[in-house]
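> My structure is in input29.csv, and what it holds is CSV, C-alpha atoms:
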```
chain,number,residue,atom,x,y,z
T,1,MET,CA,47.9,94.8,119.6
T,2,VAL,CA,50.6,96.5,117.5
T,3,GLY,CA,53.6,94.2,117.0
T,4,LEU,CA,57.3,95.2,116.9
T,5,VAL,CA,60.2,93.8,114.9
T,6,ILE,CA,63.8,94.4,115.7
T,7,VAL,CA,66.0,94.4,112.6
T,8,SER,CA,69.7,94.2,113.3
T,9,HIS,CA,73.0,93.0,111.7
T,10,SER,CA,73.4,90.7,114.6
T,11,ARG,CA,71.1,87.9,115.8
T,12,VAL,CA,72.4,88.4,119.4
T,13,LEU,CA,71.9,92.1,119.3
T,14,ALA,CA,68.4,91.8,118.0
T,15,GLU,CA,67.5,89.2,120.7
T,16,GLY,CA,69.0,91.4,123.4
T,17,VAL,CA,67.1,94.4,122.4
T,18,ALA,CA,63.9,92.3,122.2
T,19,GLU,CA,64.5,90.9,125.7
T,20,VAL,CA,64.7,94.5,127.1
T,21,ALA,CA,61.8,95.7,125.1
T,22,ARG,CA,59.6,92.7,126.1
T,23,ALA,CA,60.4,93.4,129.8
T,24,MET,CA,59.4,97.0,129.4
T,25,GLY,CA,56.3,95.9,127.6
T,26,VAL,CA,55.4,94.1,130.8
T,27,GLY,CA,55.0,90.8,129.1
T,28,ARG,CA,52.3,92.0,126.8
T,29,ALA,CA,54.1,93.6,123.9
T,30,VAL,CA,54.8,91.3,120.9
T,31,VAL,CA,58.5,91.7,119.9
T,32,GLU,CA,60.0,89.6,117.1
T,33,CYS,CA,63.6,89.5,115.8
T,34,ALA,CA,65.1,89.7,112.4
T,35,GLY,CA,68.8,89.5,113.3
T,36,GLY,CA,71.8,88.6,111.1
T,37,ASP,CA,71.7,86.8,107.8
T,38,THR,CA,69.9,83.5,107.1
T,39,GLY,CA,73.1,81.6,107.8
T,40,GLY,CA,73.4,83.0,111.3
T,41,GLY,CA,76.3,85.4,110.5
T,42,LEU,CA,76.3,89.2,110.5
T,43,GLY,CA,74.1,90.8,107.9
T,44,THR,CA,70.5,91.6,107.0
T,45,SER,CA,68.0,89.4,105.3
T,46,ILE,CA,64.7,90.6,103.9
T,47,ASP,CA,63.4,87.0,104.2
T,48,LEU,CA,64.0,87.1,107.9
T,49,VAL,CA,62.3,90.5,108.2
T,50,GLU,CA,59.3,89.1,106.3
T,51,ARG,CA,59.1,86.1,108.6
T,52,ALA,CA,59.3,88.3,111.8
T,53,VAL,CA,56.7,90.7,110.5
T,54,ARG,CA,54.3,87.8,109.9
T,55,ALA,CA,54.9,86.5,113.4
T,56,ALA,CA,54.5,89.9,115.0
T,57,ASP,CA,51.3,90.9,113.1
T,58,GLY,CA,48.2,90.5,115.2
T,59,GLY,CA,46.1,92.6,112.7
T,60,ASP,CA,46.8,96.1,114.2
T,61,GLY,CA,50.0,96.7,112.4
T,62,VAL,CA,53.7,96.3,112.9
T,63,VAL,CA,56.5,98.8,113.7
T,64,LEU,CA,60.0,98.0,112.6
T,65,LEU,CA,63.1,99.3,114.4
T,66,ALA,CA,66.4,98.9,112.7
T,67,ASP,CA,70.0,99.4,113.8
T,68,LEU,CA,72.0,100.9,110.9
T,69,GLY,CA,73.1,100.7,107.3
T,70,SER,CA,71.8,97.7,105.4
T,71,SER,CA,69.3,97.0,108.2
T,72,VAL,CA,67.7,100.3,107.6
T,73,LEU,CA,67.7,99.9,103.8
T,74,THR,CA,66.3,96.4,104.0
T,75,ALA,CA,63.6,97.5,106.5
T,76,LYS,CA,62.7,100.5,104.4
T,77,MET,CA,62.5,98.4,101.3
T,78,TYR,CA,60.3,95.8,103.0
T,79,VAL,CA,57.9,98.6,104.2
T,80,GLU,CA,57.7,100.0,100.6
T,81,GLY,CA,56.7,96.6,99.2
T,82,ALA,CA,54.4,95.5,102.1
T,83,ASP,CA,50.7,95.8,101.6
T,84,GLY,CA,49.8,95.6,105.3
T,85,LYS,CA,50.1,98.2,108.0
T,86,VAL,CA,53.9,98.1,108.5
T,87,VAL,CA,56.0,101.1,109.2
T,88,LEU,CA,59.7,101.8,110.0
T,89,ALA,CA,60.4,104.0,113.0
T,90,ASP,CA,63.0,106.8,112.6
T,91,ALA,CA,64.4,106.1,116.1
T,92,PRO,CA,67.4,104.8,118.0
T,93,LEU,CA,67.2,101.0,118.3
T,94,VAL,CA,67.2,100.4,122.0
T,95,GLU,CA,65.4,103.5,123.2
T,96,GLY,CA,62.9,103.3,120.3
T,97,ALA,CA,62.2,99.6,121.0
T,98,VAL,CA,61.6,100.2,124.7
T,99,ALA,CA,59.4,103.2,124.1
T,100,ALA,CA,57.4,101.4,121.4
T,101,ALA,CA,56.9,98.2,123.5
T,102,SER,CA,55.8,100.3,126.5
T,103,MET,CA,53.2,102.1,124.3
T,104,ALA,CA,52.1,98.9,122.4
T,105,ALA,CA,51.5,97.2,125.7
T,106,THR,CA,48.8,99.7,126.5
T,107,GLY,CA,46.9,98.6,123.4
T,108,ALA,CA,47.5,101.9,121.6
T,109,GLY,CA,47.2,102.1,117.8
T,110,LEU,CA,49.9,102.0,115.1
T,111,ASP,CA,50.3,105.8,115.0
T,112,ALA,CA,50.7,106.1,118.7
T,113,VAL,CA,53.3,103.3,118.9
T,114,LEU,CA,55.3,104.8,116.0
T,115,ALA,CA,55.2,108.3,117.7
T,116,ALA,CA,56.4,106.8,121.0
T,117,ALA,CA,59.3,105.1,119.2
T,118,GLU,CA,60.3,108.3,117.4
T,119,SER,CA,59.9,110.4,120.6
T,120,ALA,CA,62.8,108.4,122.0
T,121,ARG,CA,65.2,110.3,119.7
T,122,ASP,CA,64.9,113.3,122.1
T,123,HIS,CA,65.9,111.6,125.3
T,124,ARG,CA,69.3,113.1,126.0
T,125,LYS,CA,71.8,111.2,128.2
T,126,THR,CA,73.9,114.1,129.5
U,127,MET,CA,67.6,94.9,73.5
U,128,ASN,CA,65.2,92.0,74.1
U,129,GLY,CA,64.8,89.9,77.2
U,130,ALA,CA,67.6,87.5,76.3
U,131,ALA,CA,70.0,90.5,75.9
U,132,LEU,CA,69.0,91.8,79.4
U,133,ALA,CA,69.6,88.3,80.8
U,134,ASP,CA,73.1,88.4,79.1
U,135,PHE,CA,73.7,91.8,80.8
U,136,VAL,CA,72.9,90.2,84.2
U,137,ARG,CA,75.3,87.3,83.4
U,138,ARG,CA,78.0,89.6,82.2
U,139,ALA,CA,77.6,91.8,85.3
U,140,ALA,CA,77.9,88.7,87.5
U,141,GLU,CA,81.1,87.8,85.7
U,142,VAL,CA,82.8,91.1,86.0
U,143,VAL,CA,81.8,91.7,89.6
U,144,THR,CA,83.1,88.2,90.5
U,145,ALA,CA,86.3,88.8,88.6
U,146,ASP,CA,86.9,92.0,90.4
U,147,ALA,CA,85.5,90.9,93.8
U,148,ASP,CA,88.9,91.1,95.5
U,149,ARG,CA,89.5,94.6,94.3
U,150,LEU,CA,86.1,95.8,95.4
U,151,THR,CA,86.6,94.1,98.8
U,152,ARG,CA,90.0,95.9,99.1
U,153,LEU,CA,88.4,99.2,98.3
U,154,ASP,CA,85.7,98.5,100.9
U,155,ALA,CA,88.2,97.4,103.5
U,156,ALA,CA,89.9,100.8,103.3
U,157,ILE,CA,86.8,102.8,104.4
U,158,GLY,CA,83.9,100.4,104.7
U,159,ASP,CA,83.4,97.0,106.3
U,160,GLY,CA,85.3,95.0,103.7
U,161,ASP,CA,82.6,92.8,102.3
U,162,HIS,CA,81.5,94.6,99.1
U,163,GLY,CA,83.1,92.2,96.6
U,164,LEU,CA,81.9,89.1,98.3
U,165,ASN,CA,78.4,90.4,98.9
U,166,LEU,CA,77.9,91.7,95.4
U,167,SER,CA,79.3,88.6,93.6
U,168,ARG,CA,77.0,86.4,95.8
U,169,GLY,CA,74.0,88.7,95.0
U,170,PHE,CA,74.7,88.7,91.2
U,171,ALA,CA,75.2,84.9,91.3
U,172,ALA,CA,71.8,84.6,92.8
U,173,ALA,CA,70.4,86.9,90.1
U,174,VAL,CA,71.8,84.7,87.4
U,175,GLU,CA,70.1,81.6,89.0
U,176,ALA,CA,66.8,83.5,89.1
U,177,LEU,CA,66.8,84.6,85.5
U,178,PRO,CA,63.5,83.6,83.9
U,179,GLU,CA,63.4,81.8,80.5
U,180,GLY,CA,62.0,83.7,77.6
U,181,ALA,CA,60.7,86.6,79.7
U,182,PRO,CA,60.5,90.2,78.4
U,183,PRO,CA,63.3,92.7,79.6
U,184,GLY,CA,61.3,94.2,82.4
U,185,LYS,CA,60.5,90.8,84.0
U,186,VAL,CA,64.2,89.7,83.6
U,187,LEU,CA,65.4,92.7,85.6
U,188,ILE,CA,62.7,92.5,88.3
U,189,ALA,CA,63.5,88.8,88.9
U,190,ALA,CA,67.3,89.6,89.1
U,191,GLY,CA,66.7,92.5,91.4
U,192,ARG,CA,64.5,90.4,93.7
U,193,ALA,CA,67.2,87.7,94.0
U,194,ILE,CA,69.9,90.3,94.7
U,195,VAL,CA,67.8,91.8,97.5
U,196,SER,CA,67.2,88.4,99.0
U,197,LYS,CA,70.8,87.0,98.8
U,198,THR,CA,73.3,89.8,99.1
U,199,GLY,CA,73.4,90.6,102.8
U,200,GLY,CA,75.0,94.1,102.9
U,201,ALA,CA,73.7,97.5,101.9
U,202,SER,CA,74.5,96.8,98.3
U,203,GLY,CA,71.7,94.2,98.2
U,204,PRO,CA,68.8,96.6,98.7
U,205,LEU,CA,70.5,99.3,96.6
U,206,TYR,CA,71.3,97.2,93.5
U,207,GLY,CA,68.1,95.2,93.9
U,208,THR,CA,66.0,98.4,94.0
U,209,ALA,CA,67.9,99.7,91.0
U,210,LEU,CA,67.3,96.6,88.8
U,211,ARG,CA,63.7,96.2,90.0
U,212,GLN,CA,62.8,99.9,89.3
U,213,ALA,CA,64.5,99.7,85.9
U,214,GLY,CA,62.5,96.6,85.1
U,215,LYS,CA,59.2,98.3,86.2
U,216,THR,CA,60.0,101.2,83.9
U,217,MET,CA,60.4,98.8,81.0
U,218,GLY,CA,56.9,97.4,81.7
U,219,ASP,CA,55.8,94.7,79.2
U,220,ALA,CA,57.9,96.0,76.3
U,221,GLU,CA,59.4,93.0,74.3
U,222,GLU,CA,62.2,95.3,72.9
U,223,VAL,CA,63.9,98.1,74.8
U,224,ASP,CA,65.1,101.0,72.6
U,225,ALA,CA,67.6,103.7,73.5
U,226,ALA,CA,64.9,106.0,74.9
U,227,LEU,CA,63.4,103.3,77.1
U,228,LEU,CA,66.7,102.2,78.4
U,229,GLY,CA,67.5,105.8,79.3
U,230,ALA,CA,64.3,106.1,81.2
U,231,ALA,CA,65.0,102.9,83.0
U,232,LEU,CA,68.4,104.0,84.0
U,233,ARG,CA,67.1,107.3,85.2
U,234,SER,CA,64.4,105.6,87.3
U,235,ALA,CA,67.0,103.3,88.8
U,236,LEU,CA,69.0,106.3,89.9
U,237,GLU,CA,65.9,107.9,91.5
U,238,ALA,CA,65.0,104.7,93.3
U,239,VAL,CA,68.5,104.3,94.7
U,240,GLN,CA,68.4,107.9,95.9
U,241,GLU,CA,65.0,107.5,97.4
U,242,LEU,CA,66.0,104.4,99.4
U,243,GLY,CA,69.5,105.4,100.4
U,244,GLN,CA,68.8,109.2,100.8
U,245,ALA,CA,72.3,109.9,99.3
U,246,ALA,CA,72.9,113.2,97.5
U,247,GLU,CA,75.6,114.0,94.9
U,248,GLY,CA,78.9,114.4,96.6
U,249,ASP,CA,78.2,112.0,99.5
U,250,LYS,CA,80.8,109.5,98.1
U,251,THR,CA,78.4,106.7,97.2
U,252,MET,CA,77.3,104.8,94.0
U,253,VAL,CA,75.0,107.8,93.4
U,254,ASP,CA,78.2,109.8,92.4
U,255,ALA,CA,78.7,107.3,89.6
U,256,LEU,CA,75.1,107.0,88.6
U,257,ILE,CA,74.3,110.7,88.2
U,258,PRO,CA,77.0,111.4,85.6
U,259,ALA,CA,76.1,108.0,83.9
U,260,VAL,CA,72.5,109.1,83.5
U,261,GLY,CA,73.6,112.6,82.4
U,262,ALA,CA,76.0,111.2,79.8
U,263,TYR,CA,73.4,108.7,78.6
U,264,GLN,CA,70.8,111.4,78.1
U,265,ALA,CA,73.3,113.7,76.3
U,266,ALA,CA,74.2,110.9,73.9
U,267,LEU,CA,70.5,110.2,73.4
U,268,GLY,CA,70.0,113.9,72.7
U,269,ARG,CA,72.6,113.6,69.9
U,270,SER,CA,70.4,110.7,68.5
U,271,GLU,CA,73.2,108.2,69.1
U,272,SER,CA,72.4,104.5,69.1
U,273,LEU,CA,71.6,102.5,72.2
U,274,ALA,CA,75.1,101.0,72.2
U,275,GLN,CA,76.7,104.4,72.0
U,276,CYS,CA,74.4,105.8,74.8
U,277,ALA,CA,75.3,102.8,77.0
U,278,ARG,CA,79.0,103.3,76.3
U,279,ALA,CA,78.6,107.0,77.3
U,280,ALA,CA,76.9,106.0,80.5
U,281,ALA,CA,79.7,103.6,81.5
U,282,GLU,CA,82.3,106.3,80.7
U,283,GLY,CA,80.3,108.9,82.7
U,284,ALA,CA,80.2,106.5,85.6
U,285,GLU,CA,83.9,106.0,85.4
U,286,GLU,CA,84.5,109.7,85.6
U,287,GLY,CA,82.0,110.0,88.4
U,288,ALA,CA,83.7,107.2,90.4
U,289,GLU,CA,87.1,108.8,90.0
U,290,ALA,CA,85.7,112.0,91.4
U,291,THR,CA,84.7,110.2,94.6
U,292,VAL,CA,88.4,109.8,95.6
U,293,PRO,CA,88.8,113.2,97.3
U,294,MET,CA,85.3,113.2,98.7
U,295,ARG,CA,84.5,113.0,102.3
U,296,ALA,CA,81.9,110.2,102.9
U,297,ARG,CA,78.5,111.3,104.3
U,298,LYS,CA,76.8,107.8,104.1
U,299,GLY,CA,77.5,104.4,105.6
U,300,ARG,CA,80.4,103.3,107.7
U,301,ALA,CA,82.9,105.5,105.9
U,302,SER,CA,81.0,108.6,107.1
U,303,TYR,CA,82.2,107.8,110.7
U,304,LEU,CA,85.8,108.3,109.5
U,305,GLY,CA,85.3,112.0,108.6
U,306,GLU,CA,88.4,113.4,106.9
U,307,ARG,CA,90.0,110.0,106.9
U,308,SER,CA,87.5,108.8,104.3
U,309,THR,CA,89.1,111.0,101.7
U,310,GLY,CA,91.8,109.7,99.3
U,311,HIS,CA,89.9,106.5,98.6
U,312,LEU,CA,87.7,105.4,95.7
U,313,ASP,CA,84.2,104.6,96.8
U,314,PRO,CA,83.6,100.9,96.4
U,315,GLY,CA,79.9,101.3,95.5
U,316,ALA,CA,80.8,103.8,92.7
U,317,ALA,CA,83.5,101.3,91.5
U,318,SER,CA,81.0,98.5,91.3
U,319,THR,CA,78.5,100.7,89.5
U,320,VAL,CA,81.2,101.3,86.8
U,321,LEU,CA,81.6,97.5,86.4
U,322,VAL,CA,77.9,96.9,86.0
U,323,LEU,CA,77.4,99.7,83.5
U,324,HIS,CA,80.4,98.5,81.5
U,325,ALA,CA,78.7,95.1,81.4
U,326,LEU,CA,75.6,96.8,80.0
U,327,ALA,CA,77.6,98.7,77.4
U,328,ALA,CA,79.5,95.5,76.4
U,329,VAL,CA,76.2,93.5,75.8
U,330,ALA,CA,74.7,96.5,74.0
U,331,ALA,CA,77.7,96.7,71.7
U,332,GLY,CA,77.6,93.0,71.0
U,333,GLU,CA,74.1,93.4,69.8
U,334,GLY,CA,75.2,96.1,67.3
U,335,SER,CA,72.1,98.1,68.0
```
Written as structure tokens, how would this file's structure read?


Amino acid sequence: MVGLVIVSHSRVLAEGVAEVARAMGVGRAVVECAGGDTGGGLGTSIDLVERAVRAADGGDGVVLLADLGSSVLTAKMYVEGADGKVVLADAPLVEGAVAAASMAATGAGLDAVLAAAESARDHRKT
Amino acid sequence: MNGAALADFVRRAAEVVTADADRLTRLDAAIGDGDHGLNLSRGFAAAVEALPEGAPPGKVLIAAGRAIVSKTGGASGPLYGTALRQAGKTMGDAEEVDAALLGAALRSALEAVQELGQAAEGDKTMVDALIPAVGAYQAALGRSESLAQCARAAAEGAEEGAEATVPMRARKGRASYLGERSTGHLDPGAASTVLVLHALAAVAAGEGS
């Protein structure tokens, strides 16, 4: 199954997004968090991203979802240096995570999960 | 410049960034999230700790860049880390970096920063200091000036470029949310780029190359 990693400046935000995404992934989707810096404060840590990717990787690839700014840069940088099947979704964090978890739970492949996450961009609210 | 000189550059950059940390943080507090000085001094301190003994220039910069990525925290970590790592990769296994190779490394650092951050000229970022720095370096190289003179030209180019960010409206990062209110402020990333390139120029001048 394709795994997901939530990259956020905030540990609490990452865990909250993961909680919602896991629920939408009906308990099957694997959603790991890389939230905050290594000291538990606000920030981004490439070491935490690496740890979360390792935990989320079941062999079928991992999709990263990032909130903004340094989270996006750190995730992008990790993806460029990673040798496995790891991609960054160009998607809003909450909607993208829910869409990706829903698709991942069906057992779909990396491309389909990434496409689901990125399709969340087009879901208008008004 | 050899590996020891590049290590001196990293140490010097750490010193000047730490000495000016309060100013960088003040600049960042005006339009960003107010952590640039602290983040960058922490990142460069980690880079100094990670400097390998007796390594060639490329390996020195790659090790420094990796430490900065790992320890910085804000957006400046991935950006400066990528810049140093890419410059190091461009230097390859060379034991001695001449003016042409340093110019190529500087250019590749700019390209890597633009690729990662997707910032264009005029977006009010460090790219606005790096582009004129690379341009001035290449112009000096074209006049067959020494490595030290080229590095000096790059630092002066960065300084002019950073000044030009003051009237710009930010199109990247937190400052971009402020629209017109981001004008009238010096971009902190461009300001720190000036410091780092002055550190390079100072070490190059000390070598007398």

> Can you write out as JSON lines which residues of chain T fall within 7 Å of chain U, alongside each residue's closest atom pair and its distance in Å to one decimal, counting only C-alpha atoms and ordering rows by chain and ascending residue number?


```
{"residue": "T:Asp37", "atom": "CA", "partner": "U:Gly199", "partner_atom": "CA", "distance": 6.5}
{"residue": "T:Gly43", "atom": "CA", "partner": "U:Gly199", "partner_atom": "CA", "distance": 5.2}
{"residue": "T:Thr44", "atom": "CA", "partner": "U:Gly199", "partner_atom": "CA", "distance": 5.2}
{"residue": "T:Ser45", "atom": "CA", "partner": "U:Gly199", "partner_atom": "CA", "distance": 6.1}
{"residue": "T:Ile46", "atom": "CA", "partner": "U:Ser196", "partner_atom": "CA", "distance": 5.9}
{"residue": "T:Asp47", "atom": "CA", "partner": "U:Ser196", "partner_atom": "CA", "distance": 6.6}
{"residue": "T:Gly69", "atom": "CA", "partner": "U:Gly299", "partner_atom": "CA", "distance": 6.0}
{"residue": "T:Ser70", "atom": "CA", "partner": "U:Ala201", "partner_atom": "CA", "distance": 4.0}
{"residue": "T:Leu73", "atom": "CA", "partner": "U:Pro204", "partner_atom": "CA", "distance": 6.2}
{"residue": "T:Thr74", "atom": "CA", "partner": "U:Pro204", "partner_atom": "CA", "distance": 5.9}
```

> Extract, using all atoms listed in the file, all DNA, RNA and protein residues at most 10 Å from T:Ser119, discarding same-chain residues fewer than 5 positions from it, and format them as a PyMOL selection string.

chain T and resi 89-92+95-96+99-100+113-114

> Would you write out those residues with C-alpha atoms, as a compact mmCIF listing (two decimals), keeping the file's coordinate frame?


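Result written to again_24.txt:
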```
# COMPACT_ATOMS: atom_id res chain seq x y z
CA ALA T 89 60.40 104.00 113.00
CA ASP T 90 63.00 106.80 112.60
CA ALA T 91 64.40 106.10 116.10
CA PRO T 92 67.40 104.80 118.00
CA GLU T 95 65.40 103.50 123.20
CA GLY T 96 62.90 103.30 120.30
CA ALA T 99 59.40 103.20 124.10
CA ALA T 100 57.40 101.40 121.40
CA VAL T 113 53.30 103.30 118.90
CA LEU T 114 55.30 104.80 116.00
```

> Using Å and a single decimal, report how far atom CA of U:Ala213 sits from atom CA of U:Ala245.

18.6 Å

> Identify, on the basis of all atoms listed in the file, every residue whose closest approach to U:Thr216 does not exceed 9 Å; exclude the query and any residue fewer than 4 positions from it along the same chain; express the result as a VMD selection string.

chain U and resid 184 211 to 212 227 to 228 230 to 232 234 to 235

> Could you list, as a VMD selection string, every residue within 8 Å of stretch 258-260 of chain U, counting only C-alpha atoms and ignoring same-chain residues fewer than 5 positions away?

chain U and resid 229 232 to 233 236 279 to 284 286 to 287

> Could you save the residues just selected, with C-alpha atoms, as a PDB file, in the frame of the given file?


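New file selection_18.pdb:
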```pdb
ATOM      1  CA  GLY U 229      67.500 105.800  79.300  1.00  0.00           C
ATOM      2  CA  LEU U 232      68.400 104.000  84.000  1.00  0.00           C
ATOM      3  CA  ARG U 233      67.100 107.300  85.200  1.00  0.00           C
ATOM      4  CA  LEU U 236      69.000 106.300  89.900  1.00  0.00           C
ATOM      5  CA  ALA U 279      78.600 107.000  77.300  1.00  0.00           C
ATOM      6  CA  ALA U 280      76.900 106.000  80.500  1.00  0.00           C
ATOM      7  CA  ALA U 281      79.700 103.600  81.500  1.00  0.00           C
ATOM      8  CA  GLU U 282      82.300 106.300  80.700  1.00  0.00           C
ATOM      9  CA  GLY U 283      80.300 108.900  82.700  1.00  0.00           C
ATOM     10  CA  ALA U 284      80.200 106.500  85.600  1.00  0.00           C
ATOM     11  CA  GLU U 286      84.500 109.700  85.600  1.00  0.00           C
ATOM     12  CA  GLY U 287      82.000 110.000  88.400  1.00  0.00           C
TER      13      GLY U 287
END
```

> Between atom CA of U:Ala193 and atom CA of T:Leu48, what is the distance, to one decimal in Å?

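For atom CA of U:Ala193 relative to atom CA of T:Leu48, the distance reads 14.3 Å.
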
> What is the atom CA of T:Lys125-atom CA of T:Met24 distance in Å, reported with one decimal?

18.9 Å

> List the spatial neighbours of T:Ala14 as a count of residues only - criterion: any atom at most 6 Å away, all atoms listed in the file, same-chain residues fewer than 3 positions off excluded.

6
